[in-house]
Structure formats: C-alpha cells, structure tokens
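Shown next: data27.txt, given as compact mmCIF, C-alpha atoms.
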```txt
# COMPACT_ATOMS: atom_id res chain seq x y z
CA MET A 1 227.15 267.74 -9.29
CA GLN A 2 223.43 267.69 -8.92
CA SER A 3 221.99 264.24 -9.50
CA GLU A 4 220.69 264.12 -13.01
CA GLN A 5 218.28 262.43 -15.37
CA PHE A 6 219.65 262.99 -18.84
CA PRO A 7 216.92 263.64 -21.40
CA SER A 8 218.76 261.52 -23.94
CA LYS A 9 220.46 258.13 -23.76
CA LEU A 10 222.79 259.30 -26.55
CA LEU A 11 223.88 262.22 -24.40
CA GLU A 12 224.22 260.06 -21.33
CA HIS A 13 226.33 257.53 -23.21
CA ALA A 14 228.64 260.19 -24.66
CA VAL A 15 229.05 261.79 -21.22
CA SER A 16 229.88 258.41 -19.67
CA GLU A 17 232.54 257.71 -22.29
CA LEU A 18 234.09 261.16 -21.98
CA ALA A 19 234.11 260.86 -18.19
CA LYS A 20 236.35 257.78 -18.47
CA LEU A 21 239.20 260.04 -19.58
CA PRO A 22 241.65 261.04 -16.84
CA GLY A 23 240.84 264.35 -15.18
CA ILE A 24 237.42 264.62 -16.88
CA GLY A 25 234.52 264.52 -14.44
CA ARG A 26 230.86 264.19 -15.41
CA ARG A 27 230.23 267.94 -15.31
CA THR A 28 233.16 268.62 -17.66
CA ALA A 29 232.08 265.70 -19.86
CA LEU A 30 228.61 267.22 -20.17
CA ARG A 31 230.09 270.58 -21.09
CA LEU A 32 232.26 268.96 -23.78
CA ALA A 33 229.32 266.98 -25.21
CA LEU A 34 227.07 270.05 -25.36
CA HIS A 35 229.93 272.02 -26.92
CA LEU A 36 230.21 269.45 -29.72
CA LEU A 37 226.44 269.63 -30.27
CA GLN A 38 226.69 273.38 -30.79
CA ARG A 39 229.52 273.10 -33.33
CA GLU A 40 229.12 271.77 -36.84
CA ALA A 41 229.01 268.01 -37.15
CA GLY A 42 232.31 267.97 -39.04
CA GLN A 43 234.23 268.89 -35.91
CA THR A 44 232.86 265.88 -34.03
CA THR A 45 233.63 263.56 -36.93
CA ALA A 46 237.16 264.93 -37.22
CA LEU A 47 237.77 264.45 -33.50
CA ALA A 48 236.35 260.92 -33.49
CA GLU A 49 238.30 259.88 -36.58
CA SER A 50 241.57 261.34 -35.35
CA LEU A 51 241.28 259.29 -32.15
CA VAL A 52 240.41 256.06 -33.95
CA HIS A 53 243.20 256.55 -36.50
CA LEU A 54 245.67 257.30 -33.74
CA ARG A 55 244.69 254.18 -31.85
CA GLU A 56 244.59 251.87 -34.86
CA ASP A 57 247.42 253.12 -37.04
CA ILE A 58 250.08 254.23 -34.59
CA LYS A 59 253.32 252.25 -34.76
CA TYR A 60 256.26 251.89 -32.46
CA CYS A 61 259.68 252.46 -33.97
CA ARG A 62 261.39 249.08 -34.31
CA VAL A 63 264.67 250.54 -33.04
CA CYS A 64 263.83 252.98 -30.26
CA ARG A 65 260.17 252.00 -29.53
CA ASN A 66 259.04 255.61 -29.74
CA LEU A 67 255.59 256.35 -31.16
CA SER A 68 255.87 256.71 -34.91
CA ASP A 69 253.82 256.73 -38.10
CA THR A 70 256.41 254.57 -39.79
CA ASP A 71 258.35 251.41 -39.09
CA LEU A 72 261.46 253.45 -38.31
CA CYS A 73 260.83 256.76 -36.54
CA GLU A 74 261.97 260.11 -37.91
CA ILE A 75 264.71 260.47 -35.32
CA CYS A 76 266.18 257.01 -35.90
CA ALA A 77 265.91 257.52 -39.66
CA SER A 78 267.55 260.95 -39.63
CA PRO A 79 271.07 261.04 -41.13
CA SER A 80 271.96 264.09 -39.03
CA ARG A 81 271.52 262.46 -35.63
CA GLU A 82 274.56 261.27 -33.75
CA THR A 83 274.16 257.49 -33.48
CA SER A 84 276.70 256.72 -30.77
CA THR A 85 274.56 258.19 -27.96
CA ILE A 86 271.26 256.78 -26.71
CA CYS A 87 269.03 258.72 -24.33
CA VAL A 88 266.76 256.39 -22.35
CA VAL A 89 263.35 257.82 -21.47
CA GLU A 90 260.17 256.47 -19.92
CA ASN A 91 257.77 257.40 -22.69
CA VAL A 92 257.09 259.71 -25.60
CA ARG A 93 256.70 262.66 -23.26
CA GLY A 94 260.30 262.11 -22.20
CA VAL A 95 261.34 262.31 -25.86
CA LEU A 96 259.36 265.53 -26.35
CA SER A 97 260.85 267.04 -23.19
CA VAL A 98 264.47 266.28 -24.11
CA GLU A 99 263.93 267.35 -27.74
CA SER A 100 262.56 270.66 -26.56
CA THR A 101 265.88 271.55 -24.89
CA GLY A 102 267.56 271.68 -28.31
CA GLN A 103 270.71 270.38 -26.60
CA TYR A 104 270.57 266.74 -27.64
CA ASN A 105 271.30 265.32 -31.05
CA GLY A 106 271.60 261.60 -30.35
CA LEU A 107 269.07 258.78 -30.48
CA TYR A 108 266.47 257.62 -27.96
CA HIS A 109 265.24 254.47 -26.35
CA VAL A 110 261.71 254.47 -24.96
CA LEU A 111 261.34 252.03 -22.06
CA GLY A 112 257.56 252.15 -21.86
CA GLY A 113 257.61 252.78 -18.12
CA VAL A 114 259.84 252.18 -15.12
CA ILE A 115 260.35 249.27 -12.75
CA SER A 116 257.61 249.46 -10.15
CA PRO A 117 256.99 246.41 -7.96
CA VAL A 118 253.90 248.09 -6.47
CA ASP A 119 252.30 248.22 -9.91
CA GLY A 120 253.61 244.77 -10.83
CA ILE A 121 255.98 246.18 -13.46
CA GLY A 122 259.29 244.33 -13.67
CA PRO A 123 262.25 244.64 -16.03
CA ALA A 124 260.72 242.11 -18.43
CA ASP A 125 257.70 244.38 -18.96
CA LEU A 126 259.95 247.17 -20.22
CA GLU A 127 262.08 247.64 -23.34
CA ILE A 128 265.30 246.85 -21.47
CA GLU A 129 266.41 243.79 -23.42
CA SER A 130 266.06 245.71 -26.68
CA LEU A 131 268.26 248.44 -25.18
CA VAL A 132 270.90 245.90 -24.18
CA ASP A 133 270.75 244.47 -27.71
CA ARG A 134 271.32 247.91 -29.19
CA VAL A 135 274.36 248.43 -26.97
CA ARG A 136 275.67 244.95 -27.74
CA THR A 137 275.37 245.18 -31.51
CA GLY A 138 275.72 248.89 -32.22
CA ASP A 139 278.48 251.47 -32.06
CA VAL A 140 277.04 252.98 -28.88
CA LYS A 141 279.52 254.98 -26.81
CA GLU A 142 277.19 256.50 -24.22
CA VAL A 143 273.82 255.77 -22.70
CA ILE A 144 272.16 258.72 -20.95
CA LEU A 145 269.47 257.70 -18.48
CA ALA A 146 266.79 260.41 -18.50
CA LEU A 147 264.03 258.85 -16.42
CA ASN A 148 261.83 260.80 -14.07
CA PRO A 149 263.71 261.48 -10.82
CA THR A 150 261.51 259.26 -8.69
CA MET A 151 262.29 256.19 -6.63
CA GLU A 152 261.08 253.98 -9.48
CA GLY A 153 263.25 255.93 -11.91
CA ASP A 154 266.29 255.48 -9.66
CA THR A 155 265.60 251.76 -9.31
CA THR A 156 265.37 251.45 -13.08
CA ASN A 157 268.58 253.46 -13.54
CA PHE A 158 270.34 251.14 -11.14
CA TYR A 159 269.03 248.03 -12.90
CA ILE A 160 269.99 249.26 -16.37
CA GLY A 161 273.41 250.34 -15.09
CA ARG A 162 274.10 246.81 -13.87
CA ARG A 163 272.87 245.27 -17.13
CA LEU A 164 275.26 247.49 -19.12
CA GLU A 165 278.31 246.94 -16.87
CA GLU A 166 279.72 244.29 -19.19
CA PHE A 167 279.84 246.61 -22.19
CA PRO A 168 282.47 249.29 -22.96
CA VAL A 169 279.87 252.04 -22.79
CA LYS A 170 279.65 255.13 -20.65
CA VAL A 171 276.40 255.24 -18.65
CA SER A 172 275.34 258.61 -17.26
CA VAL A 173 272.29 260.07 -15.56
CA LEU A 174 270.82 263.55 -15.75
CA SER A 175 272.36 265.88 -13.19
CA ARG A 176 270.05 266.51 -10.29
CA GLY A 177 269.12 269.94 -11.44
CA VAL A 178 265.85 268.15 -12.05
CA ARG A 179 263.85 268.46 -8.87
CA VAL A 180 263.39 265.18 -7.01
CA GLY A 181 259.80 263.95 -7.11
CA ASP A 182 258.90 266.16 -10.04
CA GLU A 183 257.99 265.09 -13.57
CA LEU A 184 260.25 265.66 -16.60
CA GLU A 185 257.47 267.17 -18.64
CA TYR A 186 256.88 269.93 -16.09
CA THR A 187 260.57 270.89 -16.00
CA ASP A 188 261.42 274.05 -17.92
CA GLU A 189 263.79 273.82 -20.92
CA ILE A 190 266.63 275.68 -19.19
CA THR A 191 266.77 273.40 -16.18
CA LEU A 192 266.41 270.30 -18.30
CA GLY A 193 269.07 271.57 -20.73
CA ARG A 194 271.49 272.10 -17.83
CA ALA A 195 270.69 268.69 -16.44
CA LEU A 196 271.68 267.27 -19.83
CA THR A 197 274.91 269.27 -20.02
CA ASP A 198 275.87 268.45 -16.42
CA ARG A 199 275.08 264.77 -16.71
CA SER A 200 277.28 262.69 -14.44
CA PRO A 201 278.57 259.10 -14.67
CA LEU A 202 276.21 256.61 -13.04
CA MET B 1 254.32 274.05 -22.59
CA GLN B 2 257.65 273.27 -24.10
CA SER B 3 257.63 273.68 -27.86
CA GLU B 4 257.32 270.27 -29.37
CA GLN B 5 258.00 268.18 -32.44
CA PHE B 6 255.56 265.30 -32.24
CA PRO B 7 257.09 262.03 -33.43
CA SER B 8 253.84 261.14 -35.17
CA LYS B 9 251.45 263.07 -37.37
CA LEU B 10 248.64 260.85 -36.10
CA LEU B 11 249.42 261.90 -32.55
CA GLU B 12 249.76 265.53 -33.52
CA HIS B 13 246.43 265.46 -35.35
CA ALA B 14 244.61 263.83 -32.42
CA VAL B 15 246.13 266.32 -29.99
CA SER B 16 245.06 269.24 -32.21
CA GLU B 17 241.49 267.97 -32.40
CA LEU B 18 241.29 267.34 -28.64
CA ALA B 19 242.73 270.78 -27.94
CA LYS B 20 239.79 272.38 -29.80
CA LEU B 21 237.53 271.35 -26.93
CA PRO B 22 236.83 274.06 -24.36
CA GLY B 23 239.16 273.99 -21.36
CA ILE B 24 241.50 271.43 -22.96
CA GLY B 25 244.99 272.77 -23.65
CA ARG B 26 247.65 270.99 -25.68
CA ARG B 27 249.30 269.46 -22.64
CA THR B 28 246.02 267.98 -21.42
CA ALA B 29 245.20 266.88 -24.98
CA LEU B 30 248.51 265.01 -25.16
CA ARG B 31 247.84 263.34 -21.83
CA LEU B 32 244.39 262.23 -23.04
CA ALA B 33 245.76 260.91 -26.34
CA LEU B 34 248.54 258.93 -24.61
CA HIS B 35 246.01 257.63 -22.11
CA LEU B 36 243.88 256.25 -24.95
CA LEU B 37 246.97 254.62 -26.49
CA GLN B 38 247.62 252.78 -23.23
CA ARG B 39 244.07 251.47 -22.94
CA GLU B 40 242.56 248.81 -25.14
CA ALA B 41 241.45 249.95 -28.57
CA GLY B 42 237.80 249.26 -27.72
CA GLN B 43 237.68 252.19 -25.34
CA THR B 44 238.77 254.61 -28.05
CA THR B 45 236.24 253.17 -30.51
CA ALA B 46 233.46 253.41 -27.92
CA LEU B 47 234.31 257.03 -27.17
CA ALA B 48 234.53 257.99 -30.84
CA GLU B 49 231.28 256.24 -31.74
CA SER B 50 229.38 257.72 -28.82
CA LEU B 51 230.36 261.23 -29.92
CA VAL B 52 229.44 260.64 -33.57
CA HIS B 53 226.12 259.01 -32.64
CA LEU B 54 225.33 261.86 -30.28
CA ARG B 55 226.06 264.45 -32.93
CA GLU B 56 224.25 262.67 -35.75
CA ASP B 57 221.26 261.12 -34.05
CA ILE B 58 220.27 263.60 -31.37
CA LYS B 59 216.85 265.15 -31.85
CA TYR B 60 215.16 268.20 -30.40
CA CYS B 61 211.71 267.66 -28.89
CA ARG B 62 209.15 269.18 -31.27
CA VAL B 63 207.25 270.72 -28.35
CA CYS B 64 209.81 271.94 -25.83
CA ARG B 65 213.01 271.86 -27.97
CA ASN B 66 214.92 269.95 -25.32
CA LEU B 67 217.52 267.40 -26.42
CA SER B 68 215.83 264.07 -26.93
CA ASP B 69 216.29 260.68 -28.53
CA THR B 70 212.72 260.80 -29.81
CA ASP B 71 210.45 263.20 -31.64
CA LEU B 72 208.66 264.02 -28.39
CA CYS B 73 210.86 264.12 -25.30
CA GLU B 74 210.24 261.96 -22.22
CA ILE B 75 209.04 264.90 -20.14
CA CYS B 76 206.56 266.16 -22.74
CA ALA B 77 205.35 262.59 -23.35
CA SER B 78 204.93 261.80 -19.66
CA PRO B 79 201.26 261.50 -18.54
CA SER B 80 202.21 262.42 -14.96
CA ARG B 81 203.57 265.90 -15.75
CA GLU B 82 201.39 268.91 -15.06
CA THR B 83 200.80 270.48 -18.49
CA SER B 84 199.52 273.91 -17.45
CA THR B 85 202.95 275.16 -16.31
CA ILE B 86 205.94 275.81 -18.57
CA CYS B 87 209.39 276.46 -17.18
CA VAL B 88 211.54 278.42 -19.65
CA VAL B 89 215.26 277.61 -19.57
CA GLU B 90 218.29 278.54 -21.66
CA ASN B 91 219.46 275.06 -22.49
CA VAL B 92 219.46 271.42 -21.47
CA ARG B 93 221.60 272.22 -18.44
CA GLY B 94 218.78 274.41 -17.20
CA VAL B 95 216.41 271.45 -17.53
CA LEU B 96 218.82 269.20 -15.62
CA SER B 97 219.26 271.83 -12.90
CA VAL B 98 215.54 272.38 -12.34
CA GLU B 99 214.78 268.65 -12.52
CA SER B 100 217.40 268.00 -9.87
CA THR B 101 215.47 270.09 -7.32
CA GLY B 102 212.63 267.55 -7.40
CA GLN B 103 210.26 270.49 -6.83
CA TYR B 104 208.92 270.93 -10.33
CA ASN B 105 206.46 268.73 -12.15
CA GLY B 106 205.46 270.87 -15.12
CA LEU B 107 206.80 271.08 -18.66
CA TYR B 108 209.78 272.96 -20.09
CA HIS B 109 210.64 275.21 -22.97
CA VAL B 110 214.28 275.38 -24.05
CA LEU B 111 215.14 278.75 -25.63
CA GLY B 112 218.51 277.74 -27.01
CA GLY B 113 220.21 280.79 -25.49
CA VAL B 114 219.39 284.31 -24.36
CA ILE B 115 219.11 287.64 -26.12
CA SER B 116 222.64 289.03 -26.41
CA PRO B 117 223.23 291.95 -28.79
CA VAL B 118 226.99 291.69 -28.20
CA ASP B 119 226.96 288.15 -29.60
CA GLY B 120 224.47 289.06 -32.32
CA ILE B 121 221.72 286.92 -30.79
CA GLY B 122 218.26 288.44 -31.13
CA PRO B 123 214.78 287.11 -30.25
CA ALA B 124 214.41 285.55 -33.70
CA ASP B 125 217.43 283.31 -33.04
CA LEU B 126 215.73 281.81 -30.00
CA GLU B 127 212.73 279.54 -29.51
CA ILE B 128 210.51 282.42 -28.42
CA GLU B 129 207.87 282.23 -31.17
CA SER B 130 207.36 278.55 -30.43
CA LEU B 131 206.85 279.46 -26.75
CA VAL B 132 204.27 282.10 -27.67
CA ASP B 133 202.53 279.51 -29.87
CA ARG B 134 202.38 277.07 -26.98
CA VAL B 135 200.84 279.71 -24.73
CA ARG B 136 198.41 280.75 -27.45
CA THR B 137 197.16 277.30 -28.31
CA GLY B 138 197.58 275.36 -25.07
CA ASP B 139 195.97 275.32 -21.66
CA VAL B 140 198.97 277.10 -20.12
CA LYS B 141 198.25 278.87 -16.82
CA GLU B 142 201.77 279.86 -15.79
CA VAL B 143 205.13 280.46 -17.43
CA ILE B 144 208.11 280.35 -15.06
CA LEU B 145 211.19 282.09 -16.44
CA ALA B 146 214.24 280.23 -15.14
CA LEU B 147 217.08 281.81 -17.11
CA ASN B 148 220.52 282.46 -15.70
CA PRO B 149 220.44 285.62 -13.52
CA THR B 150 222.60 287.67 -15.85
CA MET B 151 221.93 290.89 -17.72
CA GLU B 152 221.17 288.88 -20.87
CA GLY B 153 218.83 286.66 -18.87
CA ASP B 154 217.02 289.70 -17.47
CA THR B 155 216.72 291.25 -20.94
CA THR B 156 215.26 288.00 -22.26
CA ASN B 157 212.86 287.78 -19.28
CA PHE B 158 211.66 291.30 -20.02
CA TYR B 159 211.19 290.57 -23.73
CA ILE B 160 209.27 287.36 -23.11
CA GLY B 161 207.15 289.06 -20.46
CA ARG B 162 206.07 291.68 -22.97
CA ARG B 163 205.35 289.08 -25.66
CA LEU B 164 203.09 287.19 -23.23
CA GLU B 165 201.22 290.27 -21.91
CA GLU B 166 198.28 289.71 -24.25
CA PHE B 167 197.57 286.21 -22.91
CA PRO B 168 195.73 285.31 -19.68
CA VAL B 169 198.81 283.62 -18.27
CA LYS B 170 200.78 284.24 -15.10
CA VAL B 171 204.45 284.97 -15.83
CA SER B 172 206.88 284.55 -12.96
CA VAL B 173 210.63 284.58 -12.47
CA LEU B 174 212.81 282.63 -10.07
CA SER B 175 213.24 284.41 -6.74
CA ARG B 176 216.63 286.01 -6.40
CA GLY B 177 217.89 283.39 -4.06
CA VAL B 178 219.96 282.57 -7.11
CA ARG B 179 223.12 284.62 -6.86
CA VAL B 180 223.38 287.38 -9.46
CA GLY B 181 226.11 286.71 -12.03
CA ASP B 182 226.27 283.03 -11.17
CA GLU B 183 225.26 280.10 -13.39
CA LEU B 184 222.21 277.93 -12.73
CA GLU B 185 224.16 274.72 -13.04
CA TYR B 186 226.49 275.72 -10.20
CA THR B 187 223.62 276.51 -7.84
CA ASP B 188 222.97 273.88 -5.18
CA GLU B 189 219.64 272.06 -5.16
CA ILE B 190 218.40 273.68 -1.94
CA THR B 191 218.91 277.24 -3.15
CA LEU B 192 217.45 276.47 -6.55
CA GLY B 193 214.51 274.66 -4.95
CA ARG B 194 213.76 277.71 -2.79
CA ALA B 195 214.08 279.99 -5.78
CA LEU B 196 211.42 277.88 -7.47
CA THR B 197 209.10 277.92 -4.45
CA ASP B 198 209.57 281.67 -3.90
CA ARG B 199 209.09 282.60 -7.55
CA SER B 200 207.56 286.03 -7.95
CA PRO B 201 205.36 287.59 -10.66
CA LEU B 202 207.37 289.31 -13.40
```
Once more with this new file: its structure as structure tokens, please.
Amino acid sequence: MQSEQFPSKLLEHAVSELAKLPGIGRRTALRLALHLLQREAGQTTALAESLVHLREDIKYCRVCRNLSDTDLCEICASPSRETSTICVVENVRGVLSVESTGQYNGLYHVLGGVISPVDGIGPADLEIESLVDRVRTGDVKEVILALNPTMEGDTTNFYIGRRLEEFPVKVSVLSRGVRVGDELEYTDEITLGRALTDRSPL
Amino acid sequence: MQSEQFPSKLLEHAVSELAKLPGIGRRTALRLALHLLQREAGQTTALAESLVHLREDIKYCRVCRNLSDTDLCEICASPSRETSTICVVENVRGVLSVESTGQYNGLYHVLGGVISPVDGIGPADLEIESLVDRVRTGDVKEVILALNPTMEGDTTNFYIGRRLEEFPVKVSVLSRGVRVGDELEYTDEITLGRALTDRSPL
C-alpha cells in the first residue's frame, strides 16, 4: 500500500487495531473502518459490544470444554445425546464440523489444541487429563479421535491411545477419507460423514 | 460453509456482527472471533473501543470535509500548504492517495462521493456547494479534479466544471495516466504522481 499519513489519529488507531486480526492487512482495515463510518453508529456499537461480550462472558463447558454460554453446554445437557461415546476434537470448529455431518449423536471432548513440541505445547497444556477422568468415571464405551489429520494430530492420537489403554474402552480414529494435511473445517460433509462411519480401531 | 449450530449464542452473535463487514464471510468471521478468544481480553477491548471512539468522535473538517480529529483538519490548518489550489477528491482515500505521491502541496475538498443516478446520489448529496463557496470567497486559482476515472467520476467532473465556469479559476483534471475503470487507491505512486504533473484543463 502507498505510505500514508492518516488525517485522524482515531482512524489510524482503529486501522491499527483491525490490522492485528489474522488475514486483515492495513488496506482492508482501512476499508472496514471507512465502511463503519458510512453506516449508522448503531452498527459499530453492536459489533463492538458483541466482541466484548463474547470475550468476557463466554464459558467453557465443565464436562467437554466446548465453548458455551452456560456451565454445562447444550450438547452435554441434552437428554437425547448418546452418552457412551465421546468424540475428541481440537477445538470448537471440530465440533461444528462433526455436528454438520448429522451422523453423530454422542458427546464431545475439546482438547484445546494438539501436542506440538515446536510450539511448546505438551500433553499437560491440553484437556487430556479431563478426558481420561471422563473415561475412568463415566460409562464411556468408545472414544472417537477426530483431530486434524496432521503429524501433530497423529502424535496426539497416539498419546491419547496409550493413556486410554488401561480402560475397557474402544478407541477409534476417523477413517482416512479425510485428506492428509488438510483441515477438518474445509472437508465437505459427505467425506467427513463417511470418515465417521468408516472409523477404524486405533 | 457447512451448516452450523453454534454452541454459544454469544459466539453466534459476534460472528453475525463481524460478517456484516464488507468482504467478511461467516467462515472468516468465525476465525476472527475464535482468534480474539485465544488472545488476551485486552486486545478485544482495545479493538472494540477504537471502533466506537472512531465512530463517535470523528469530525469532518469544516473547510475541506476531510475526516479529522479537530474542527479544522491538519492540512487546512498547516501554514506550509499552498492555499490557492484545491484538489477535489471523492473521499479520504483520495486524500491519502494524492498525499502519498508527495507531489501536491495544496488543499483538498472531499466530495463524499460522486454523482450516481443509479444509486440516487445527486449533486445536492455531495459537498459541491461548499466547494463553490470556497472558490467564490477564497483566493483560489486552480481546482484540480482528482475523482476516480469512472463514468460517475466523469459526470461529476463535468458538473463541477460547469458550476465553476463563472469564476476566474483554472479547472483541471488528472491526466489519463490513471487507468480507466480502475480505483485511485490501487494506482501506484509513480503513475498517480505523473497524472498530477500532467493534469490538463477540463
């Protein structure tokens, strides 16, 4: 972008803050800021408040660690979900992806990431102990590992598999219909649905 | 994107608000919202406040109508700017673009758009009267029309040219080094600088 001298510190500050978001450069940030200036003030207030409320009031389900507005998330609280199966995902996008297949009616467990020595993320930084506790104390019959099919995902699968060896629980992974190196959220429902159906023992 | 059941109304609301921004779809909005959740809360507050402050406290310069933090913008208030030349631009991005050439030291006039019958924008919706007033009452020797080289820009040039006919002022337009149909803000400094230097009488 052309080097620039913003005519307003307010504009410059807003552009700088917007440009901190991933995938938003300064030119896009300027376009967004000018867009908000052209709309009624209520839209800006609504946007700002929704972000602050999200950040301040969001909870994590005490059972599955998924994002939730309540202490126990809707899925964990639902009487119609099948409680003997737990699907382990990296994050809320994993939950959304699996839910969108319409082929899963069990519960979830959100790890909050995957083991990644490069990024300094070890098992203790993830919700693995809480998963083991659920398997130990609950009536869990199967744990489905639905992490992204990356090296870190495989490492995490392997680690969780070993941690669950001592329990009488079936541990399975998504069938490799999911393309290696790809992200769950970019996989279409059909492929992901088949990967769920064809899941194989770890 | 896969159809989705957000686990949180707060998340859903934030995603909806973000997705109202131009060029931001729901998938990108979700990525931005989850990004903010992973960063410290201060970043979200800073972003939200900067947008609200921008929207609520921004002023428009009483002379040139450019965005400003003060009643009179920095350019209009500057003693080193040459006050006998006015460069007419569509919006603040036009000001930024012309400033970035480093080849212009006069004042500006921000129209707030261009005449566009399709969008229901006529001369009365733009800052044209205030431009005529400046020419009438000031020591203006030249008005440079630097609108985007579109049909609407040309129409607006023509209209302004006629309105200024009665005054002893030179009216010029940017040379057509600027590519027709393109936007000023995407023109490189060199081309835009030459277009300024080669400006021709209307």
*Close residues, Asp125 in chain A itself excluded, 10 Å, all atoms listed in the file, min 3 positions apart in chain, as number ranges by chain*: A: 111-115, 120-122, 128-129
*asked:* From the options A:Val143, A:Val132, A:Leu192, A:Ala124, which residue's atoms come nearest to chain B, counting only C-alpha atoms?
replied: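 Ranking A:Val143, A:Val132, A:Leu192, A:Ala124 by distance to chain B, first place goes to A:Leu192.
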*Can you pull out every residue within 9 Å of range 158-169 of chain B, counting all atoms listed in the file, but drop anything in the same chain fewer than 3 positions away, and send it as JSON, numbers by chain?*
{"B": [115, 123, 128, 132, 135, 136, 140, 141, 142, 143, 145, 153, 154, 155, 172, 202]}
Please, which residues in chain B fall within 8 Å of chain A when counting all atoms listed in the file, and what is the closest atom pair and distance in Å to one decimal for each, ordered by chain then residue number, as CSV?
```
residue,atom,partner,partner_atom,distance
B:Gln2,CA,A:Ser100,CA,6.1
B:Ser3,CA,A:Ser100,CA,5.9
B:Glu4,CA,A:Ser100,CA,6.0
B:Gln5,CA,A:Leu96,CA,6.8
B:Phe6,CA,A:Leu96,CA,7.0
B:Pro7,CA,A:Ser68,CA,5.7
B:Ser8,CA,A:Ser68,CA,4.9
B:Lys9,CA,A:Asp69,CA,6.8
B:Leu10,CA,A:Leu54,CA,5.2
B:Leu11,CA,A:Leu54,CA,6.1
B:His13,CA,A:Ser50,CA,6.4
B:Ala14,CA,A:Ser50,CA,4.9
B:Glu17,CA,A:Leu47,CA,5.2
B:Leu18,CA,A:Leu47,CA,6.7
B:Leu21,CA,A:Leu32,CA,6.6
B:Pro22,CA,A:Leu32,CA,6.9
B:Leu32,CA,A:Leu21,CA,6.6
B:Ala33,CA,A:Leu51,CA,7.5
B:His35,CA,A:Pro22,CA,7.6
B:Leu36,CA,A:Arg55,CA,7.2
B:Leu37,CA,A:Arg55,CA,5.8
B:Ala41,CA,A:Arg55,CA,6.3
B:Thr44,CA,A:Val52,CA,6.3
B:Thr45,CA,A:Val52,CA,6.1
B:Ala46,CA,A:Glu17,CA,7.1
B:Leu47,CA,A:Glu17,CA,5.2
B:Ala48,CA,A:Ala48,CA,4.3
B:Glu49,CA,A:Ala48,CA,7.1
B:Ser50,CA,A:Ala14,CA,4.9
B:Leu51,CA,A:Ala14,CA,5.6
B:Val52,CA,A:Thr45,CA,6.1
B:His53,CA,A:Leu10,CA,6.9
B:Leu54,CA,A:Leu10,CA,5.2
B:Arg55,CA,A:Leu37,CA,5.8
B:Glu56,CA,A:Ala41,CA,7.3
B:Asp57,CA,A:Leu10,CA,7.9
B:Ile58,CA,A:Leu10,CA,6.9
B:Asn66,CA,A:Pro7,CA,7.7
B:Leu67,CA,A:Pro7,CA,6.3
B:Ser68,CA,A:Ser8,CA,4.9
B:Asp69,CA,A:Ser8,CA,5.3
B:Cys73,CA,A:Pro7,CA,7.2
B:Glu74,CA,A:Pro7,CA,6.9
B:Leu96,CA,A:Glu4,CA,6.0
B:Ser97,CA,A:Gln2,CA,7.1
B:Glu99,CA,A:Glu4,CA,7.5
B:Ser100,CA,A:Ser3,CA,5.9
B:Asp188,CA,A:Gln2,CA,7.2
B:Glu189,CA,A:Gln2,CA,6.9
```
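Separating CA of Glu183 in chain B from CA of Asn157 in chain B is a distance of 15.7 Å.
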Quick one: 3 Å padding each side, axis-aligned, all listed atoms of range 60-76 of chain A - centre and edge lengths in Å to one decimal, as JSON?
```
{"center_x": 260.0, "center_y": 254.8, "center_z": -34.7, "size_x": 18.4, "size_y": 17.4, "size_z": 16.3}
```
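Taking CA of Leu184 in chain A and CA of Tyr108 in chain A as endpoints, the distance between them is 15.2 Å.
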*Would you please work out which residue, of A:Leu147, A:Ala77, A:Leu126, A:Leu131, is nearest to Glu90 in chain A when using only C-alpha atoms?*
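With only C-alpha atoms as the atom set, the closest residue is A:Leu147.
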*Please, what distance in Å, to one decimal, runs between CA of Thr156 in chain A and CA of Arg81 in chain A?*
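It comes out at 25.8 Å.
For the choices A:Val171, A:Met151, A:Ala146, A:Val110, the atom-to-atom distance to Ala195 in chain A is smallest for A:Ala146 when using all atoms listed in the file.
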